[in-house]
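File shown: query-v6.txt (compact mmCIF, C-alpha atoms).
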```
# COMPACT_ATOMS: atom_id res chain seq x y z
CA MET A 2 -6.61 -53.85 -22.17
CA GLU A 3 -10.07 -52.34 -21.64
CA ILE A 4 -11.49 -52.29 -18.14
CA LYS A 5 -14.35 -54.62 -19.11
CA GLN A 6 -11.82 -57.22 -20.19
CA ILE A 7 -9.99 -56.83 -16.87
CA VAL A 8 -13.21 -57.30 -14.90
CA ASP A 9 -14.15 -60.36 -16.97
CA LYS A 10 -10.67 -61.77 -16.50
CA GLN A 11 -10.86 -61.25 -12.73
CA ARG A 12 -14.30 -62.86 -12.59
CA ASP A 13 -13.00 -65.93 -14.40
CA PHE A 14 -10.10 -66.13 -11.96
CA PHE A 15 -12.37 -65.71 -8.95
CA ASN A 16 -14.73 -68.40 -10.22
CA GLY A 17 -11.73 -70.73 -10.43
CA GLY A 18 -11.79 -70.81 -6.61
CA ALA A 19 -8.16 -70.01 -5.78
CA THR A 20 -8.99 -67.07 -3.50
CA PHE A 21 -11.36 -69.14 -1.36
CA SER A 22 -8.26 -70.69 0.22
CA VAL A 23 -7.14 -68.93 3.41
CA ASP A 24 -3.57 -70.04 2.66
CA TYR A 25 -3.76 -68.28 -0.70
CA ARG A 26 -4.94 -65.07 0.96
CA LEU A 27 -2.23 -65.21 3.61
CA ASP A 28 0.45 -65.75 0.98
CA ALA A 29 -0.88 -62.73 -0.92
CA LEU A 30 -0.80 -60.56 2.21
CA LYS A 31 2.79 -61.63 2.94
CA LYS A 32 3.80 -60.84 -0.63
CA LEU A 33 2.11 -57.44 -0.33
CA LYS A 34 3.94 -56.65 2.90
CA GLN A 35 7.31 -57.48 1.35
CA SER A 36 6.57 -55.31 -1.67
CA ILE A 37 5.53 -52.35 0.49
CA LEU A 38 8.68 -52.55 2.60
CA ALA A 39 10.79 -52.69 -0.54
CA HIS A 40 9.25 -49.42 -1.80
CA VAL A 41 9.31 -47.25 1.35
CA ASP A 42 12.13 -45.06 0.02
CA ASP A 43 10.27 -44.58 -3.27
CA LEU A 44 7.15 -43.62 -1.35
CA THR A 45 9.04 -41.07 0.72
CA VAL A 46 10.32 -39.36 -2.42
CA ALA A 47 6.89 -39.51 -4.09
CA PHE A 48 5.13 -37.93 -1.11
CA LYS A 49 7.73 -35.18 -0.94
CA THR A 50 7.11 -34.43 -4.61
CA ASP A 51 3.31 -34.56 -4.55
CA PHE A 52 2.62 -33.18 -1.07
CA ASN A 53 5.82 -31.95 0.58
CA LYS A 54 5.21 -34.56 3.29
CA CYS A 55 8.15 -35.29 5.56
CA GLU A 56 9.41 -38.81 6.20
CA PHE A 57 7.84 -38.91 9.68
CA ASP A 58 4.39 -38.18 8.26
CA VAL A 59 4.82 -40.80 5.54
CA CYS A 60 5.85 -43.46 8.04
CA SER A 61 3.27 -42.62 10.71
CA THR A 62 0.12 -41.67 8.81
CA GLU A 63 0.58 -43.73 5.65
CA VAL A 64 2.91 -46.74 5.74
CA GLY A 65 2.64 -47.44 9.47
CA MET A 66 -1.14 -47.69 9.47
CA VAL A 67 -1.07 -50.00 6.45
CA LEU A 68 1.48 -52.31 8.04
CA GLN A 69 -0.58 -52.34 11.25
CA GLU A 70 -3.60 -53.53 9.26
CA LEU A 71 -1.50 -56.11 7.40
CA ASN A 72 -0.07 -57.52 10.62
CA PHE A 73 -3.56 -57.74 12.11
CA PHE A 74 -4.73 -60.01 9.31
CA LEU A 75 -1.56 -62.06 9.13
CA LYS A 76 -2.11 -62.88 12.79
CA ARG A 77 -5.90 -63.27 12.90
CA LEU A 78 -7.20 -64.21 9.45
CA ARG A 79 -7.47 -67.94 10.14
CA LYS A 80 -9.60 -67.32 13.20
CA LEU A 81 -11.76 -64.71 11.45
CA SER A 82 -12.44 -67.04 8.53
CA ARG A 83 -13.73 -69.95 10.63
CA PRO A 84 -17.47 -70.60 10.35
CA THR A 85 -19.46 -69.61 13.43
CA ARG A 86 -21.87 -72.14 14.90
CA VAL A 87 -25.07 -70.78 16.46
CA ARG A 88 -27.89 -72.28 18.51
CA THR A 89 -31.35 -72.71 17.04
CA SER A 90 -34.81 -72.56 18.56
CA LEU A 91 -37.42 -75.22 19.25
CA THR A 92 -39.00 -74.29 15.92
CA ASN A 93 -36.09 -76.04 14.16
CA TYR A 94 -35.64 -79.01 16.48
CA SER A 95 -33.33 -80.89 15.87
CA SER A 96 -30.80 -78.65 14.11
CA TYR A 97 -27.97 -76.19 14.42
CA GLY A 98 -27.06 -73.01 12.57
CA LYS A 99 -23.83 -71.92 10.96
CA ILE A 100 -22.63 -68.57 9.58
CA VAL A 101 -20.05 -68.87 6.81
CA ARG A 102 -18.37 -65.74 5.49
CA LEU A 103 -17.71 -65.84 1.75
CA PRO A 104 -16.05 -63.32 -0.59
CA TYR A 105 -18.15 -61.12 -2.85
CA GLY A 106 -16.05 -61.65 -5.96
CA VAL A 107 -14.64 -58.83 -8.11
CA THR A 108 -14.29 -55.66 -6.03
CA LEU A 109 -13.48 -52.05 -6.86
CA VAL A 110 -11.38 -49.95 -4.45
CA VAL A 111 -11.43 -46.20 -5.18
CA SER A 112 -9.09 -44.05 -3.09
CA PRO A 113 -8.67 -40.27 -2.67
CA TRP A 114 -5.69 -37.96 -2.87
CA ASN A 115 -5.39 -36.74 0.74
CA TYR A 116 -3.93 -39.98 2.16
CA PRO A 117 -3.41 -41.75 -1.14
CA PHE A 118 -1.35 -44.67 0.15
CA GLN A 119 -3.15 -45.50 3.39
CA LEU A 120 -6.63 -45.07 1.93
CA THR A 121 -5.77 -47.35 -0.96
CA PHE A 122 -4.14 -50.17 0.93
CA VAL A 123 -6.19 -50.47 4.13
CA PRO A 124 -9.39 -51.31 2.21
CA LEU A 125 -7.43 -53.37 -0.32
CA ILE A 126 -6.06 -55.49 2.53
CA GLY A 127 -9.64 -56.13 3.61
CA ALA A 128 -10.57 -57.13 0.06
CA ILE A 129 -7.66 -59.58 -0.19
CA ALA A 130 -8.23 -60.97 3.30
CA GLY A 131 -11.88 -61.52 2.40
CA GLY A 132 -10.92 -63.61 -0.64
CA ASN A 133 -11.84 -61.15 -3.40
CA THR A 134 -10.07 -59.94 -6.50
CA ALA A 135 -9.65 -56.17 -6.81
CA VAL A 136 -9.51 -53.35 -9.31
CA VAL A 137 -7.73 -50.44 -7.63
CA LYS A 138 -8.31 -46.83 -8.68
CA PRO A 139 -5.87 -44.42 -6.95
CA SER A 140 -6.13 -40.67 -7.36
CA SER A 141 -4.80 -38.93 -10.47
CA LYS A 142 -4.10 -35.83 -8.31
CA THR A 143 -1.08 -37.53 -6.70
CA PRO A 144 0.63 -39.01 -9.77
CA ASN A 145 3.95 -39.88 -8.14
CA VAL A 146 2.40 -41.75 -5.22
CA SER A 147 -0.03 -43.50 -7.58
CA LYS A 148 2.89 -44.70 -9.68
CA VAL A 149 4.55 -46.25 -6.61
CA ILE A 150 1.22 -47.88 -5.68
CA LYS A 151 1.16 -49.46 -9.12
CA ASP A 152 4.77 -50.61 -8.73
CA ILE A 153 4.01 -52.18 -5.35
CA LEU A 154 0.98 -54.05 -6.69
CA SER A 155 2.83 -55.28 -9.77
CA VAL A 156 3.76 -58.36 -7.69
CA PHE A 157 0.23 -59.61 -8.43
CA ASP A 158 -1.17 -60.75 -11.77
CA GLU A 159 -3.80 -58.37 -13.10
CA GLU A 160 -6.39 -61.15 -12.98
CA TYR A 161 -6.06 -60.86 -9.18
CA VAL A 162 -5.18 -57.20 -8.48
CA TYR A 163 -5.24 -54.58 -11.21
CA VAL A 164 -4.30 -50.90 -10.84
CA ASN A 165 -5.93 -48.27 -13.04
CA CYS A 166 -4.16 -44.90 -12.69
CA GLU A 167 -5.86 -43.36 -15.72
CA ARG A 168 -9.19 -41.58 -15.98
CA ASP A 169 -11.70 -44.05 -17.41
CA GLU A 170 -15.31 -42.98 -17.86
CA THR A 171 -16.43 -46.61 -18.21
CA LEU A 172 -14.92 -47.81 -14.92
CA PHE A 173 -18.04 -47.31 -12.82
CA GLU A 174 -20.30 -48.82 -15.48
CA GLN A 175 -18.80 -52.27 -14.91
CA LYS A 176 -20.66 -54.97 -13.01
CA PHE A 177 -18.55 -55.19 -9.87
CA ASP A 178 -19.64 -57.41 -7.00
CA PHE A 179 -18.69 -54.80 -4.40
CA MET A 180 -17.23 -51.29 -4.28
CA PHE A 181 -15.29 -49.47 -1.58
CA TYR A 182 -15.16 -45.74 -2.24
CA THR A 183 -13.36 -43.01 -0.28
CA GLY A 184 -13.83 -39.45 -1.45
CA SER A 185 -16.35 -36.63 -1.75
CA ALA A 186 -20.09 -37.00 -1.30
CA ASP A 187 -20.80 -35.16 -4.56
CA PHE A 188 -18.73 -37.57 -6.65
CA ALA A 189 -20.19 -40.53 -4.73
CA LYS A 190 -23.67 -39.46 -5.89
CA LYS A 191 -22.55 -39.52 -9.52
CA ILE A 192 -20.94 -42.95 -9.14
CA ARG A 193 -23.96 -44.46 -7.43
CA ALA A 194 -26.27 -43.14 -10.13
CA VAL A 195 -24.19 -44.96 -12.76
CA GLN A 196 -23.94 -48.15 -10.70
CA ALA A 197 -27.66 -48.29 -9.92
CA LYS A 198 -28.37 -50.41 -13.00
CA ASN A 199 -26.08 -53.14 -11.64
CA LEU A 200 -27.13 -52.75 -7.97
CA VAL A 201 -23.48 -52.75 -6.88
CA PRO A 202 -23.30 -52.97 -3.04
CA CYS A 203 -20.82 -50.58 -1.53
CA VAL A 204 -19.16 -48.84 1.37
CA LEU A 205 -18.89 -45.07 1.08
CA GLU A 206 -16.30 -43.24 3.20
CA LEU A 207 -17.03 -39.56 2.71
CA GLY A 208 -16.52 -36.57 5.00
CA GLY A 209 -18.27 -33.46 6.24
CA LYS A 210 -17.90 -30.67 8.77
CA SER A 211 -16.66 -32.45 11.89
CA PRO A 212 -17.29 -30.26 14.97
CA CYS A 213 -14.93 -29.84 17.89
CA VAL A 214 -16.48 -28.57 21.13
CA VAL A 215 -14.43 -27.23 24.05
CA ASP A 216 -16.56 -26.96 27.19
CA ARG A 217 -16.07 -24.67 30.18
CA ASP A 218 -14.52 -27.42 32.33
CA ALA A 219 -12.05 -28.66 29.70
CA ASP A 220 -8.30 -28.77 30.18
CA VAL A 221 -7.82 -25.82 27.84
CA ASP A 222 -4.09 -26.30 27.34
CA LEU A 223 -4.56 -29.97 26.40
CA ALA A 224 -7.48 -29.12 24.13
CA ALA A 225 -5.51 -26.44 22.29
CA LYS A 226 -2.54 -28.79 21.84
CA ARG A 227 -4.57 -31.68 20.44
CA ILE A 228 -6.78 -29.49 18.26
CA ALA A 229 -3.76 -27.67 16.80
CA TRP A 230 -2.29 -31.03 15.85
CA GLY A 231 -5.48 -32.65 14.56
CA LYS A 232 -6.65 -29.66 12.55
CA PHE A 233 -3.39 -28.77 10.82
CA LEU A 234 -2.13 -32.32 10.28
CA ASN A 235 -1.64 -32.80 6.53
CA ALA A 236 -2.45 -29.09 6.09
CA GLY A 237 -6.01 -29.67 7.23
CA GLN A 238 -6.65 -32.24 4.48
CA THR A 239 -7.84 -35.05 6.74
CA CYS A 240 -11.40 -36.32 6.44
CA VAL A 241 -11.73 -36.46 10.25
CA ALA A 242 -9.93 -33.18 10.98
CA PRO A 243 -11.84 -30.81 13.28
CA ASP A 244 -13.57 -28.68 10.66
CA TYR A 245 -14.50 -25.94 13.12
CA CYS A 246 -14.22 -25.34 16.84
CA VAL A 247 -17.02 -24.21 19.17
CA VAL A 248 -15.64 -22.97 22.50
CA HIS A 249 -17.53 -22.06 25.65
CA GLU A 250 -17.47 -18.27 25.90
CA SER A 251 -15.93 -18.39 29.39
CA VAL A 252 -12.72 -20.09 28.12
CA LYS A 253 -12.50 -18.69 24.59
CA GLU A 254 -9.81 -16.11 25.28
CA GLU A 255 -7.58 -18.62 27.07
CA PHE A 256 -8.18 -21.25 24.37
CA ILE A 257 -7.19 -18.95 21.49
CA LYS A 258 -4.05 -17.84 23.35
CA LYS A 259 -2.99 -21.48 23.88
CA LEU A 260 -3.96 -22.47 20.34
CA LEU A 261 -1.71 -19.80 18.84
CA GLU A 262 1.15 -20.92 21.09
CA TYR A 263 0.91 -24.50 19.85
CA ILE A 264 0.56 -23.49 16.21
CA ARG A 265 3.79 -21.51 16.51
CA ARG A 266 5.55 -24.35 18.38
CA PHE A 267 4.46 -27.09 15.97
CA TYR A 268 4.59 -25.44 12.56
CA PHE A 269 6.96 -22.49 12.66
CA LEU A 270 10.71 -22.05 12.89
CA GLY A 271 11.11 -18.51 14.13
CA ASP A 272 8.76 -16.41 12.03
CA ALA A 273 8.86 -18.75 9.04
CA LEU A 274 6.60 -21.71 8.32
CA ARG A 275 8.56 -24.95 8.54
CA ASP A 276 9.93 -26.25 5.24
CA ASP A 277 8.22 -29.63 5.66
CA TYR A 278 4.71 -28.26 6.16
CA PRO A 279 2.50 -30.09 3.61
CA TYR A 280 1.05 -28.52 0.49
CA VAL A 281 -2.62 -27.95 -0.19
CA ILE A 282 -3.56 -30.17 -3.13
CA THR A 283 -3.91 -27.36 -5.72
CA GLU A 284 -3.36 -23.61 -5.95
CA SER A 285 -6.99 -23.22 -7.00
CA LYS A 286 -8.07 -24.78 -3.70
CA VAL A 287 -5.88 -22.29 -1.83
CA LYS A 288 -7.50 -19.37 -3.70
CA GLU A 289 -10.97 -20.75 -3.03
CA VAL A 290 -10.41 -21.01 0.73
CA LEU A 291 -8.73 -17.59 0.98
CA GLY A 292 -11.75 -16.15 -0.80
CA LEU A 293 -14.11 -17.70 1.76
CA ILE A 294 -12.35 -15.96 4.67
CA GLU A 295 -11.91 -12.61 2.98
CA GLY A 296 -13.21 -9.88 5.27
CA GLU A 297 -13.31 -12.18 8.32
CA LYS A 298 -11.36 -11.57 11.53
CA ILE A 299 -8.15 -13.55 10.92
CA ILE A 300 -6.08 -14.01 14.07
CA VAL A 301 -3.18 -15.84 12.46
CA GLY A 302 -2.33 -16.97 8.92
CA GLY A 303 -4.70 -16.06 6.14
CA LYS A 304 -1.99 -16.15 3.48
CA ALA A 305 -0.18 -18.61 1.25
CA GLU A 306 2.99 -19.08 -0.76
CA GLY A 307 1.95 -21.08 -3.77
CA ARG A 308 0.40 -24.32 -2.47
CA LYS A 309 1.83 -23.81 1.02
CA MET A 310 -0.98 -22.22 3.02
CA TYR A 311 -0.26 -20.93 6.50
CA PRO A 312 -2.19 -22.43 9.46
CA THR A 313 -5.09 -20.02 9.85
CA VAL A 314 -7.46 -19.23 12.73
CA VAL A 315 -10.59 -17.17 12.08
CA ASP A 316 -12.46 -15.59 15.00
CA GLU A 317 -16.01 -14.25 15.43
CA VAL A 318 -17.43 -16.75 12.96
CA THR A 319 -21.12 -17.78 12.91
CA PHE A 320 -22.86 -20.80 11.42
CA ASP A 321 -23.98 -18.53 8.57
CA SER A 322 -20.44 -17.44 7.58
CA PRO A 323 -19.28 -18.48 4.07
CA ILE A 324 -16.50 -20.69 5.50
CA MET A 325 -19.13 -22.66 7.45
CA GLN A 326 -21.24 -23.74 4.48
CA ASN A 327 -19.08 -26.66 3.27
CA GLU A 328 -16.25 -28.88 4.51
CA ILE A 329 -13.10 -26.75 4.51
CA PHE A 330 -10.41 -29.40 3.84
CA ALA A 331 -7.59 -26.86 4.26
CA PRO A 332 -5.58 -25.41 7.19
CA VAL A 333 -8.29 -22.96 8.32
CA LEU A 334 -9.95 -23.26 11.73
CA PRO A 335 -13.05 -21.14 12.37
CA VAL A 336 -13.72 -20.49 16.08
CA LEU A 337 -17.29 -20.05 17.30
CA THR A 338 -18.64 -19.71 20.84
CA PHE A 339 -21.53 -21.21 22.81
CA THR A 340 -23.11 -20.72 26.21
CA GLU A 341 -25.35 -23.77 26.66
CA LEU A 342 -24.35 -27.31 25.61
CA LYS A 343 -27.76 -28.86 24.94
CA GLY A 344 -28.73 -26.00 22.63
CA LEU A 345 -25.46 -26.35 20.73
CA LEU A 346 -25.90 -30.11 20.31
CA ALA A 347 -29.44 -29.58 19.06
CA LYS A 348 -28.06 -27.17 16.45
CA ILE A 349 -25.37 -29.63 15.34
CA ASN A 350 -27.79 -32.55 15.18
CA VAL A 351 -29.99 -30.85 12.56
CA MET A 352 -26.97 -30.32 10.30
CA ASP A 353 -25.56 -33.00 7.98
CA ARG A 354 -24.18 -35.93 9.98
CA PRO A 355 -20.44 -35.40 10.52
CA LEU A 356 -17.82 -38.09 10.06
CA ALA A 357 -16.36 -37.27 13.48
CA PHE A 358 -17.31 -35.33 16.62
CA TYR A 359 -14.81 -34.14 19.21
CA TYR A 360 -15.60 -33.01 22.74
CA PHE A 361 -13.29 -31.70 25.44
CA SER A 362 -14.43 -31.80 29.07
CA GLU A 363 -13.12 -33.18 32.35
CA SER A 364 -16.61 -34.38 33.27
CA LYS A 365 -17.18 -38.06 32.46
CA ALA A 366 -20.91 -37.53 32.79
CA ALA A 367 -20.80 -34.75 30.20
CA CYS A 368 -18.68 -36.90 27.86
CA ASP A 369 -21.15 -39.77 28.18
CA TYR A 370 -24.07 -37.43 27.53
CA VAL A 371 -22.45 -36.08 24.36
CA ALA A 372 -21.55 -39.59 23.19
CA GLU A 373 -25.18 -40.67 23.50
CA HIS A 374 -26.83 -37.55 22.06
CA VAL A 375 -24.78 -36.58 18.99
CA VAL A 376 -25.11 -38.60 15.79
CA SER A 377 -21.75 -38.91 14.02
CA GLY A 378 -19.63 -41.54 12.36
CA GLY A 379 -17.24 -41.67 15.32
CA GLY A 380 -15.07 -39.36 17.35
CA CYS A 381 -12.99 -38.78 20.45
CA MET A 382 -13.45 -37.47 23.94
CA ASN A 383 -10.55 -35.18 24.85
CA ASP A 384 -8.65 -35.84 21.64
CA THR A 385 -8.93 -35.51 17.87
CA VAL A 386 -8.37 -37.87 14.92
CA MET A 387 -6.85 -40.69 16.97
CA HIS A 388 -9.91 -42.95 17.01
CA LEU A 389 -9.15 -44.04 13.45
CA THR A 390 -5.80 -45.51 14.55
CA GLU A 391 -7.45 -48.21 16.68
CA GLU A 392 -8.02 -51.44 14.77
CA ARG A 393 -10.68 -52.57 17.28
CA LEU A 394 -12.80 -49.47 16.58
CA PRO A 395 -14.69 -49.69 13.26
CA PHE A 396 -14.23 -46.53 11.23
CA GLY A 397 -16.95 -45.08 9.04
CA GLY A 398 -19.56 -42.40 8.54
CA VAL A 399 -23.30 -42.02 8.85
CA GLY A 400 -25.78 -40.26 6.59
CA ARG A 401 -24.01 -37.84 4.25
CA SER A 402 -20.63 -38.66 5.83
CA GLY A 403 -20.74 -42.26 4.67
CA THR A 404 -22.21 -45.75 4.70
CA GLY A 405 -20.51 -48.79 6.21
CA SER A 406 -17.24 -49.09 8.11
CA TYR A 407 -13.90 -50.90 8.18
CA HIS A 408 -10.55 -51.42 10.01
CA GLY A 409 -9.45 -54.63 11.68
CA ALA A 410 -12.06 -57.36 11.98
CA LYS A 411 -14.70 -54.99 10.60
CA SER A 412 -12.80 -54.89 7.29
CA TYR A 413 -13.17 -58.65 7.02
CA GLU A 414 -16.90 -58.38 7.66
CA THR A 415 -17.17 -55.55 5.14
CA PHE A 416 -15.54 -57.49 2.31
CA THR A 417 -17.38 -60.75 2.91
CA HIS A 418 -20.98 -61.91 2.83
CA ALA A 419 -22.37 -63.60 5.94
CA LYS A 420 -24.07 -66.71 4.58
CA SER A 421 -26.55 -68.21 7.06
CA LEU A 422 -27.08 -71.96 6.95
CA LEU A 423 -29.41 -74.29 8.83
CA TYR A 424 -28.19 -77.86 9.31
CA LYS A 425 -31.23 -80.12 9.89
CA ASN A 426 -31.16 -83.63 11.33
CA LYS A 427 -33.72 -86.37 10.62
CA GLN A 428 -35.56 -85.75 13.86
CA GLU A 429 -38.11 -82.94 13.86
CA LEU A 430 -41.42 -81.73 15.21
CA ASN A 431 -44.23 -82.64 12.83
CA LEU A 432 -46.18 -79.58 13.91
CA LYS A 433 -45.62 -77.70 10.63
CA TYR A 434 -47.21 -80.38 8.48
CA PRO A 435 -50.96 -80.43 7.70
CA PRO A 436 -53.59 -81.13 8.82
CA TYR A 437 -53.68 -78.16 11.22
CA THR A 438 -55.74 -79.29 14.18
CA ASP A 439 -57.03 -77.22 17.09
CA ALA A 440 -54.37 -78.79 19.29
CA LYS A 441 -51.62 -77.65 16.91
CA THR A 442 -53.10 -74.16 16.67
CA ASN A 443 -53.34 -73.83 20.45
CA PHE A 444 -49.73 -74.96 20.82
CA VAL A 445 -48.55 -72.37 18.29
CA LYS A 446 -50.47 -69.64 20.10
CA ARG A 447 -48.93 -70.59 23.44
CA TYR A 448 -45.44 -70.86 21.94
CA PHE A 449 -45.52 -67.40 20.31
CA GLY A 450 -47.51 -65.70 23.07
CA ILE A 451 -50.48 -64.92 20.82
CA ASN A 452 -53.71 -63.70 22.50
CA LYS A 453 -51.95 -63.03 25.77
CA LYS A 454 -53.27 -59.97 27.57
CA GLN A 455 -50.79 -57.14 27.47
CA PRO A 456 -49.77 -55.49 30.77
```
Represent the structure contained in this file as structure tokens.
Amino acid sequence: MEIKQIVDKQRDFFNGGATFSVDYRLDALKKLKQSILAHVDDLTVAFKTDFNKCEFDVCSTEVGMVLQELNFFLKRLRKLSRPTRVRTSLTNYSSYGKIVRLPYGVTLVVSPWNYPFQLTFVPLIGAIAGGNTAVVKPSSKTPNVSKVIKDILSVFDEEYVYVNCERDETLFEQKFDFMFYTGSADFAKKIRAVQAKNLVPCVLELGGKSPCVVDRDADVDLAAKRIAWGKFLNAGQTCVAPDYCVVHESVKEEFIKKLLEYIRRFYFLGDALRDDYPYVITESKVKEVLGLIEGEKIIVGGKAEGRKMYPTVVDEVTFDSPIMQNEIFAPVLPVLTFTELKGLLAKINVMDRPLAFYYFSESKAACDYVAEHVVSGGGCMNDTVMHLTEERLPFGGVGRSGTGSYHGAKSYETFTHAKSLLYKNKQELNLKYPPYTDAKTNFVKRYFGINKKQP
């Protein structure tokens, strides 16, 4: 069946009104949870085949985060879906206001290859919880995981949830009511250009070069430990991974020493890279990244065996180095130095807005200053990556790193429209009706503070 027919079929189903029922949505979420749990073993095998991911990684970074989001909505959806009553002003005496959240309709969820399960299902859960139908487009670069995704979602009729694993040039030409896209900024530009004719509203979860700053008063051992984990998790293919590290020159030597210790402890068995270290997505990506660091001062790594690229640290890098021109998205960590924090932040703030910003310091005042003076999608103080695991913290980018956010209650807001309603009683002030006398005009001026002298 052509994608246009699927979209038309979903629109007919949505217009039938079934998904407006909170009970219907909850039943769908329960059915989804059961289907996921029934396919965990299949997912483990698929991830091993596509990515060389170990079972722990699959459970913690993929399935676990999806189940956490599912459980959040199973527990809180009824409360989230209740209309909110708000007070009104004297202008609308006698009345009250109400905000009702309604689904958009037929939604499109496009997911990437780096966390193909989690980044498909977390937004899809939001779409279902919000009362929408969904067309799901998983990545073709992880064919085995995408097949399991399709198997899991086969519990739903395609008029409700449809999975398209094939390349389809007409997909983005369809008149969707909302799109949720996770992927590269360059491809997002192409999609949005096609969708402009239909004015499709969207959330874009992109990426960018997320900085990690280690200040002079940081706990260097802790910083090295958490950066080694956050950077080389999933072989560096995490949208919020520290892209590069800027270390105060007074602690650089100690930091690099500790960083190398943790890399060896986490990812090596003797002199060999652990068997379960994840693959880079393609061999061509490996060659591209190795080419970018050719001739640089490589402290550790800098080599690969097929798609398995060794954790790599590059020293004496500058902002003009080839590896610093684009998001790396591979297990390579450039290390730069700084001497003065405000100057460094000024430099970072004129670059493209990063998806995340990480800062290590034992000074709360310094952490607060950085939090209030660096524009980024989100981030952590004295940690990396972990902010996206908190359902109460909306996750999203800003500028080139994305538009909109989700997770937890924010996902419900993202996949619904806030409809504002004014409920008016028979009583009212007749002030708005003509004729407009001097007395009425004077009252309006007093009420709005017009012609008052400014201090």
Using all atoms listed in the file, what does the table of region 207-316 of chain A residues within 10 Å of region 398-403 of chain A look like, with each row giving the shortest atom pair and its distance in Å to one decimal, sorted by chain and ascending number, as a tab-separated table?
```
residue	atom	partner	partner_atom	distance
A:Leu207	CA	A:Ser402	CA	4.8
A:Gly208	CA	A:Ser402	CA	4.7
A:Gly209	CA	A:Ser402	CA	5.7
A:Lys210	CA	A:Ser402	CA	8.9
A:Ser211	CA	A:Ser402	CA	9.5
A:Cys240	CA	A:Ser402	CA	9.5
A:Val241	CA	A:Gly398	CA	10.0
```
| Selected residue of minimal separation from Leu205 (chain A) among A:Arg102, A:Arg217, A:Lys190, A:Arg77, counting all atoms listed in the file | A:Lys190
| field | Polymer residues at most 7 Å from region 131-142 of chain A, only C-alpha atoms, same-chain spacing of 4 or more positions, as an MDAnalysis selection string | value | chainID A and resid 11 15 20:21 26 104:114 117 121 127 147 161:167 413 416:417
| note | Computed gap from CA of Leu422 (chain A) to CA of Ser96 (chain A) is 10.5 Å
| task | Just give me the residues with any atom within 6 Å of (-8.9, -26.8, 11.8), file coordinates, counting all atoms listed in the file, written as an NGL selection string. | result | :A and (232-233 or 243-245 or 332-334)
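Counting from CA of Gly397 (chain A), the distance to CA of Asn235 (chain A) is 19.8 Å.
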Could you list, as an mmCIF file with C-alpha atoms, keeping the file's coordinate frame, every residue within 9 Å of Glu429 (chain A), counting all atoms listed in the file and ignoring same-chain residues fewer than 3 positions away?
```cif
data_model
loop_
_atom_site.group_PDB
_atom_site.id
_atom_site.type_symbol
_atom_site.label_atom_id
_atom_site.label_comp_id
_atom_site.auth_asym_id
_atom_site.auth_seq_id
_atom_site.Cartn_x
_atom_site.Cartn_y
_atom_site.Cartn_z
ATOM 1 C CA THR A 92 -39.000 -74.290 15.920
ATOM 2 C CA ASN A 93 -36.090 -76.040 14.160
ATOM 3 C CA TYR A 94 -35.640 -79.010 16.480
ATOM 4 C CA SER A 95 -33.330 -80.890 15.870
ATOM 5 C CA SER A 96 -30.800 -78.650 14.110
ATOM 6 C CA LYS A 425 -31.230 -80.120 9.890
ATOM 7 C CA ASN A 426 -31.160 -83.630 11.330
ATOM 8 C CA LEU A 432 -46.180 -79.580 13.910
#
```
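Residue nearest Thr183 (chain A), chosen from A:Gly98, A:Pro124, A:Pro312, A:Pro395 and counting all atoms listed in the file: A:Pro124.
Each of A:Leu389, A:Val195, A:Val290, A:Leu33 was checked against Lys176 (chain A) using only C-alpha atoms; the smallest atom-to-atom distance is that of A:Val195.
The gap separating CA of Gly409 (chain A) from CA of Glu70 (chain A) is 6.4 Å, in Å to one decimal.
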Spatial neighbours of Ile264 (chain A), 9 Å, all atoms listed in the file, chain gap at least 2 places, as a PDB file with C-alpha atoms, in the coordinates of the input:
```
ATOM      1  CA  LYS A 226      -2.540 -28.790  21.840  1.00  0.00           C
ATOM      2  CA  ALA A 229      -3.760 -27.670  16.800  1.00  0.00           C
ATOM      3  CA  TRP A 230      -2.290 -31.030  15.850  1.00  0.00           C
ATOM      4  CA  PHE A 233      -3.390 -28.770  10.820  1.00  0.00           C
ATOM      5  CA  LYS A 259      -2.990 -21.480  23.880  1.00  0.00           C
ATOM      6  CA  LEU A 260      -3.960 -22.470  20.340  1.00  0.00           C
ATOM      7  CA  LEU A 261      -1.710 -19.800  18.840  1.00  0.00           C
ATOM      8  CA  GLU A 262       1.150 -20.920  21.090  1.00  0.00           C
ATOM      9  CA  ARG A 266       5.550 -24.350  18.380  1.00  0.00           C
ATOM     10  CA  PHE A 267       4.460 -27.090  15.970  1.00  0.00           C
ATOM     11  CA  TYR A 268       4.590 -25.440  12.560  1.00  0.00           C
ATOM     12  CA  PHE A 269       6.960 -22.490  12.660  1.00  0.00           C
ATOM     13  CA  PRO A 312      -2.190 -22.430   9.460  1.00  0.00           C
TER      14      PRO A 312
END
```
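The nearest approach to Val146 (chain A) among the residues A:Ala366, A:Val248, A:Val41, A:Val336, with only C-alpha atoms taken into account, belongs to A:Val41.
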| note | Using only C-alpha atoms, the shortest atom-to-atom distance to Met180 (chain A) among A:Arg12, A:Gly405, A:Lys286, A:Asp216 belongs to A:Gly405
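Checking A:Thr404, A:Gln119, A:Asn72, A:Thr50 one by one against Ala186 (chain A), counting only C-alpha atoms, you find the shortest gap at A:Thr404.
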| task | Counting only C-alpha atoms, write as a list in words all protein and nucleic acid residues lying at most 8 Å from (-4.2, -66.8, -11.2) in the file's frame. | result | Phe14, Ala19, Asp158, Glu160 and Tyr161 of chain A
